[in-house]
>>> print(open('query36.txt').read())   # compact mmCIF, C-alpha atoms
# COMPACT_ATOMS: atom_id res chain seq x y z
CA MET A 21 178.90 -13.57 -23.01
CA SER A 22 177.24 -15.90 -20.55
CA SER A 23 178.92 -17.25 -17.47
CA GLY A 24 179.85 -20.89 -17.53
CA ARG A 25 180.03 -22.91 -20.73
CA ARG A 26 179.74 -20.79 -23.87
CA THR A 27 177.33 -21.75 -26.62
CA ASP A 28 178.59 -22.37 -30.14
CA ALA A 29 176.90 -19.14 -31.24
CA GLU A 30 178.81 -17.24 -28.54
CA ARG A 31 182.05 -18.90 -29.63
CA LEU A 32 181.43 -17.97 -33.27
CA VAL A 33 180.58 -14.33 -32.50
CA GLU A 34 183.65 -14.08 -30.26
CA ARG A 35 185.92 -15.56 -32.95
CA LEU A 36 184.53 -13.26 -35.63
CA SER A 37 185.09 -10.29 -33.28
CA GLU A 38 188.69 -11.37 -32.65
CA LEU A 39 189.31 -11.51 -36.41
CA GLY A 40 187.43 -8.28 -37.10
CA TRP A 41 185.29 -10.23 -39.59
CA THR A 42 181.64 -9.97 -40.58
CA VAL A 43 179.13 -12.69 -41.42
CA GLY A 44 176.07 -12.93 -43.65
CA VAL A 45 173.64 -15.83 -43.57
CA ALA A 46 171.46 -17.38 -46.29
CA GLU A 47 168.87 -19.87 -45.06
CA SER A 48 166.30 -22.11 -46.62
CA LEU A 49 165.15 -25.00 -44.40
CA THR A 50 166.33 -23.28 -41.20
CA GLY A 51 164.17 -20.24 -42.00
CA GLY A 52 166.19 -17.69 -40.02
CA LEU A 53 167.18 -19.88 -37.08
CA VAL A 54 170.93 -19.53 -37.75
CA VAL A 55 170.91 -15.74 -37.84
CA SER A 56 168.54 -15.73 -34.85
CA GLU A 57 171.00 -17.80 -32.80
CA LEU A 58 173.79 -15.40 -33.72
CA VAL A 59 171.89 -12.18 -32.94
CA ALA A 60 170.86 -13.60 -29.57
CA VAL A 61 174.50 -13.20 -28.54
CA SER A 62 175.50 -9.93 -26.88
CA GLY A 63 177.90 -8.10 -29.19
CA ALA A 64 176.58 -9.74 -32.35
CA SER A 65 175.85 -6.36 -33.93
CA ALA A 66 179.59 -5.84 -34.45
CA VAL A 67 179.89 -8.91 -36.70
CA VAL A 68 176.47 -10.01 -38.02
CA ARG A 69 175.56 -8.16 -41.23
CA GLY A 70 172.19 -9.84 -41.74
CA GLY A 71 170.37 -12.82 -43.13
CA ILE A 72 168.33 -13.74 -46.16
CA VAL A 73 165.65 -16.39 -45.81
CA ALA A 74 165.62 -17.72 -49.36
CA TYR A 75 162.89 -20.31 -48.92
CA ALA A 76 161.60 -20.12 -52.50
CA THR A 77 163.90 -21.41 -55.25
CA GLU A 78 163.40 -18.19 -57.24
CA ILE A 79 164.75 -16.15 -54.30
CA LYS A 80 167.90 -18.29 -54.18
CA GLN A 81 168.49 -17.36 -57.80
CA ARG A 82 167.45 -13.71 -57.67
CA LEU A 83 168.93 -12.56 -54.35
CA LEU A 84 171.83 -14.99 -53.90
CA ASN A 85 172.84 -15.54 -57.53
CA VAL A 86 172.44 -19.31 -57.41
CA ASP A 87 172.87 -20.58 -60.96
CA ALA A 88 169.52 -21.14 -62.72
CA ALA A 89 170.88 -24.15 -64.66
CA LEU A 90 172.03 -25.76 -61.39
CA LEU A 91 168.61 -25.24 -59.83
CA GLU A 92 166.89 -26.61 -62.94
CA ALA A 93 169.14 -29.68 -63.09
CA HIS A 94 169.32 -30.59 -59.40
CA GLY A 95 166.70 -28.59 -57.52
CA ALA A 96 167.33 -26.42 -54.48
CA VAL A 97 168.56 -29.23 -52.20
CA HIS A 98 172.08 -29.86 -53.45
CA PRO A 99 175.58 -29.22 -52.05
CA ARG A 100 176.49 -26.86 -54.91
CA VAL A 101 173.34 -24.84 -54.19
CA ALA A 102 174.44 -24.48 -50.54
CA ARG A 103 177.89 -23.41 -51.75
CA GLN A 104 176.46 -20.77 -54.09
CA MET A 105 174.05 -19.57 -51.39
CA ALA A 106 176.96 -19.06 -48.96
CA GLU A 107 178.94 -17.18 -51.59
CA GLY A 108 175.83 -15.15 -52.48
CA ALA A 109 175.28 -14.26 -48.81
CA ARG A 110 178.81 -12.87 -48.57
CA GLU A 111 178.23 -10.74 -51.66
CA ALA A 112 174.69 -9.58 -50.84
CA LEU A 113 175.32 -8.80 -47.19
CA GLY A 114 178.76 -7.24 -47.26
CA PRO A 115 179.47 -3.65 -46.28
CA GLY A 116 179.13 -1.26 -49.23
CA ALA A 117 180.62 -2.83 -52.35
CA ALA A 118 182.71 -5.28 -50.30
CA ALA A 119 181.77 -8.85 -49.41
CA ALA A 120 181.13 -10.04 -45.88
CA ASP A 121 184.08 -12.08 -44.63
CA VAL A 122 181.98 -15.19 -43.96
CA GLY A 123 178.84 -16.57 -45.59
CA ILE A 124 176.83 -19.36 -43.99
CA ALA A 125 174.09 -21.22 -45.90
CA THR A 126 171.59 -24.01 -45.25
CA THR A 127 169.33 -25.89 -47.63
CA GLY A 128 167.51 -29.18 -47.19
CA ILE A 129 164.30 -31.06 -46.52
CA ALA A 130 162.79 -30.84 -43.04
CA GLY A 131 159.69 -32.86 -43.89
CA PRO A 132 157.27 -34.28 -43.18
CA GLU A 133 157.21 -35.04 -46.93
CA SER A 134 159.91 -34.68 -49.55
CA PRO A 135 158.98 -32.66 -52.63
CA ASP A 136 161.67 -34.20 -54.84
CA GLY A 137 162.20 -37.75 -53.62
CA GLN A 138 165.30 -37.09 -51.52
CA PRO A 139 165.09 -38.44 -47.97
CA VAL A 140 163.51 -36.20 -45.33
CA GLY A 141 166.40 -34.91 -43.24
CA THR A 142 168.70 -34.33 -46.22
CA VAL A 143 170.67 -31.18 -45.38
CA HIS A 144 173.47 -29.31 -47.12
CA ILE A 145 175.40 -26.62 -45.26
CA ALA A 146 178.13 -24.37 -46.63
CA VAL A 147 180.49 -21.80 -45.17
CA SER A 148 182.28 -19.43 -47.52
CA THR A 149 185.33 -17.29 -46.68
CA ALA A 150 188.02 -15.65 -48.79
CA LEU A 151 189.99 -18.88 -48.29
CA GLY A 152 187.34 -21.09 -49.92
CA VAL A 153 184.12 -22.93 -49.19
CA ARG A 154 183.47 -25.82 -46.80
CA THR A 155 180.38 -27.92 -47.29
CA GLU A 156 178.74 -30.60 -45.20
CA SER A 157 176.03 -32.94 -46.49
CA LEU A 158 174.11 -35.17 -44.12
CA VAL A 159 170.83 -36.89 -43.42
CA LEU A 160 169.41 -35.93 -40.03
CA GLU A 161 166.88 -37.89 -38.00
CA GLY A 162 163.84 -36.53 -36.22
CA ASP A 163 160.76 -34.46 -36.84
CA ARG A 164 160.67 -31.15 -38.69
CA ALA A 165 161.65 -29.05 -35.65
CA GLN A 166 164.47 -31.41 -34.67
CA ILE A 167 165.91 -31.45 -38.20
CA ARG A 168 165.81 -27.65 -38.42
CA ALA A 169 167.39 -27.26 -34.94
CA GLU A 170 170.17 -29.75 -35.68
CA ALA A 171 170.87 -28.16 -39.08
CA THR A 172 171.18 -24.78 -37.31
CA ALA A 173 173.62 -26.20 -34.75
CA ARG A 174 175.67 -27.91 -37.47
CA ALA A 175 175.86 -24.72 -39.55
CA ILE A 176 177.24 -22.75 -36.61
CA ARG A 177 179.78 -25.49 -35.80
CA LEU A 178 180.89 -25.67 -39.45
CA ALA A 179 181.46 -21.90 -39.39
CA ILE A 180 183.56 -22.21 -36.21
CA ASP A 181 185.60 -24.98 -37.84
CA ALA A 182 186.13 -22.85 -40.97
CA LEU A 183 187.68 -20.06 -38.87
>>> encode(input="query36.txt", output="structure tokens")
Amino acid sequence: MSSGRRTDAERLVERLSELGWTVGVAESLTGGLVVSELVAVSGASAVVRGGIVAYATEIKQRLLNVDAALLEAHGAVHPRVARQMAEGAREALGPGAAAADVGIATTGIAGPESPDGQPVGTVHIAVSTALGVRTESLVLEGDRAQIRAEATARAIRLAIDAL
């Protein structure tokens, strides 16, 4: 860990290590930024199982088991999609036949345009554990990079809060 003030990613990796828990990440709009933040932390290999960048809707369904009817009815940017992505990450990225202890997921619209009429900056984040799923839905301000960076930070903080 770094000297001085610890980053949220360091805090999350440390907490997962204390619990002896593992994490899997499923990302859409953040495109791998969440898992990248986590693996940048020394010692992450003990807790981070991996990440799936499920940018295409079909990948959310095929690799993360997001319900096809949900995707058809609401599209990929929806709180229930984030929830199912987080649950799917736990299942897909667990050790052997077991689930990972924590699943983190992000979906949203980083812009500059919105493909489905929702506001640019719409973000849904979910964290799944054996105790249940926490979701956060928000509309972030800024350009594409700022929205993706803030969504990444919020996902890591939501995971800390869930533990």
>>> closest_atom_pairs(input="query36.txt", of="range 73-145 of chain A", to="range 152-176 of chain A", cutoff="10 Å", atoms="only C-alpha atoms", output="CSV")
residue,atom,partner,partner_atom,distance
A:His98,CA,A:Ser157,CA,8.6
A:Pro99,CA,A:Ser157,CA,6.7
A:Arg100,CA,A:Thr155,CA,8.6
A:Ala102,CA,A:Thr155,CA,7.6
A:Arg103,CA,A:Val153,CA,6.8
A:Gln104,CA,A:Val153,CA,9.3
A:Ala106,CA,A:Val153,CA,8.1
A:Glu107,CA,A:Val153,CA,8.1
A:Val122,CA,A:Val153,CA,9.6
A:Gly123,CA,A:Val153,CA,9.0
A:Ile124,CA,A:Ala175,CA,7.0
A:Ala125,CA,A:Ala175,CA,7.5
A:Thr126,CA,A:Ala175,CA,7.2
A:Thr127,CA,A:Ala171,CA,9.0
A:Gly128,CA,A:Ala171,CA,8.8
A:Ile129,CA,A:Ile167,CA,8.5
A:Ala130,CA,A:Arg164,CA,4.8
A:Gly131,CA,A:Arg164,CA,5.6
A:Pro132,CA,A:Arg164,CA,6.4
A:Glu133,CA,A:Arg164,CA,9.7
A:Gln138,CA,A:Val159,CA,9.8
A:Pro139,CA,A:Val159,CA,7.5
A:Val140,CA,A:Val159,CA,7.6
A:Gly141,CA,A:Leu160,CA,4.5
A:Thr142,CA,A:Val159,CA,4.4
A:Val143,CA,A:Leu158,CA,5.4
A:His144,CA,A:Ser157,CA,4.5
A:Ile145,CA,A:Glu156,CA,5.2
>>> atom_distance(input="query36.txt", atom1="CA of Thr42 in chain A", atom2="CA of Arg110 in chain A")
9.0 Å
>>> residues_around(input="query36.txt", residues="Ile72 in chain A", least_positions_apart="3", cutoff="12 Å", atoms="all atoms listed in the file", output="JSON, numbers by chain")
{"A": [43, 44, 45, 46, 47, 48, 49, 50, 51, 52, 53, 54, 55, 56, 69, 75, 76, 79, 80, 82, 83, 84, 105, 106, 108, 109, 110, 111, 112, 113, 123, 124, 125, 126]}
>>> atom_distance(input="query36.txt", atom1="CA of Ala29 in chain A", atom2="CA of Leu178 in chain A")
11.2 Å
>>> closest_residue(input="query36.txt", among="A:Leu32, A:Ala64, A:Leu91, A:Leu39", to="Ala179 in chain A", atoms="all atoms listed in the file")
A:Leu32
>>> atom_distance(input="query36.txt", atom1="CA of Arg31 in chain A", atom2="CA of Ala117 in chain A")
27.9 Å
>>> closest_residue(input="query36.txt", among="A:Gln81, A:Ala88, A:Val59, A:Ala66", to="Leu36 in chain A", atoms="only C-alpha atoms")
A:Ala66
>>> build_atoms(input="query36.txt", residues="range 161-172 of chain A", atoms="all heavy atoms", output="short mmCIF file (atom, residue, chain, number, x, y, z; two decimals), keeping the file's coordinate frame")
data_model
loop_
_atom_site.label_atom_id
_atom_site.label_comp_id
_atom_site.auth_asym_id
_atom_site.auth_seq_id
_atom_site.Cartn_x
_atom_site.Cartn_y
_atom_site.Cartn_z
N GLU A 161 168.07 -37.17 -38.49
CA GLU A 161 166.88 -37.89 -38.00
C GLU A 161 166.01 -36.95 -37.18
O GLU A 161 166.50 -35.98 -36.62
CB GLU A 161 167.32 -39.06 -37.12
CG GLU A 161 168.18 -40.10 -37.81
CD GLU A 161 167.42 -40.93 -38.81
OE1 GLU A 161 166.22 -41.18 -38.59
OE2 GLU A 161 168.02 -41.31 -39.83
N GLY A 162 164.73 -37.27 -37.10
CA GLY A 162 163.84 -36.53 -36.22
C GLY A 162 162.68 -35.91 -36.97
O GLY A 162 162.52 -36.11 -38.18
N ASP A 163 161.88 -35.15 -36.22
CA ASP A 163 160.76 -34.46 -36.84
C ASP A 163 161.25 -33.14 -37.43
O ASP A 163 162.43 -32.81 -37.36
CB ASP A 163 159.61 -34.26 -35.84
CG ASP A 163 159.98 -33.37 -34.65
OD1 ASP A 163 160.94 -32.56 -34.75
OD2 ASP A 163 159.29 -33.46 -33.63
N ARG A 164 160.33 -32.40 -38.01
CA ARG A 164 160.67 -31.15 -38.69
C ARG A 164 161.46 -30.19 -37.79
O ARG A 164 162.50 -29.65 -38.18
CB ARG A 164 159.36 -30.51 -39.18
CG ARG A 164 159.53 -29.26 -39.98
CD ARG A 164 158.17 -28.81 -40.54
NE ARG A 164 158.31 -27.56 -41.25
CZ ARG A 164 158.75 -27.46 -42.50
NH1 ARG A 164 159.10 -28.55 -43.16
NH2 ARG A 164 158.87 -26.28 -43.08
N ALA A 165 160.98 -29.97 -36.57
CA ALA A 165 161.65 -29.05 -35.65
C ALA A 165 163.04 -29.55 -35.27
O ALA A 165 163.99 -28.76 -35.19
CB ALA A 165 160.79 -28.85 -34.40
N GLN A 166 163.17 -30.85 -35.04
CA GLN A 166 164.47 -31.41 -34.67
C GLN A 166 165.47 -31.29 -35.81
O GLN A 166 166.64 -30.97 -35.59
CB GLN A 166 164.31 -32.88 -34.26
CG GLN A 166 163.56 -33.06 -32.95
CD GLN A 166 163.14 -34.50 -32.72
OE1 GLN A 166 162.77 -35.22 -33.65
NE2 GLN A 166 163.19 -34.92 -31.47
N ILE A 167 165.03 -31.55 -37.03
CA ILE A 167 165.91 -31.45 -38.20
C ILE A 167 166.37 -30.00 -38.37
O ILE A 167 167.56 -29.74 -38.59
CB ILE A 167 165.21 -31.98 -39.46
CG1 ILE A 167 165.05 -33.50 -39.36
CG2 ILE A 167 165.96 -31.59 -40.74
CD1 ILE A 167 164.09 -34.10 -40.37
N ARG A 168 165.46 -29.06 -38.26
CA ARG A 168 165.81 -27.65 -38.42
C ARG A 168 166.77 -27.20 -37.30
O ARG A 168 167.73 -26.47 -37.56
CB ARG A 168 164.56 -26.79 -38.44
CG ARG A 168 163.71 -27.05 -39.70
CD ARG A 168 162.41 -26.26 -39.72
NE ARG A 168 162.69 -24.84 -39.89
CZ ARG A 168 162.22 -23.88 -39.09
NH1 ARG A 168 161.41 -24.17 -38.09
NH2 ARG A 168 162.52 -22.62 -39.32
N ALA A 169 166.53 -27.63 -36.07
CA ALA A 169 167.39 -27.26 -34.94
C ALA A 169 168.78 -27.85 -35.10
O ALA A 169 169.80 -27.17 -34.87
CB ALA A 169 166.77 -27.70 -33.62
N GLU A 170 168.86 -29.10 -35.50
CA GLU A 170 170.17 -29.75 -35.68
C GLU A 170 170.93 -29.14 -36.86
O GLU A 170 172.14 -28.95 -36.79
CB GLU A 170 170.01 -31.26 -35.85
CG GLU A 170 171.33 -32.00 -35.97
CD GLU A 170 172.25 -31.89 -34.76
OE1 GLU A 170 171.78 -31.59 -33.64
OE2 GLU A 170 173.47 -32.10 -34.93
N ALA A 171 170.22 -28.81 -37.93
CA ALA A 171 170.87 -28.16 -39.08
C ALA A 171 171.44 -26.80 -38.66
O ALA A 171 172.54 -26.42 -39.07
CB ALA A 171 169.89 -28.00 -40.23
N THR A 172 170.72 -26.07 -37.82
CA THR A 172 171.18 -24.78 -37.31
C THR A 172 172.46 -24.96 -36.50
O THR A 172 173.45 -24.25 -36.71
CB THR A 172 170.08 -24.14 -36.44
OG1 THR A 172 168.94 -23.89 -37.26
CG2 THR A 172 170.54 -22.84 -35.80
#
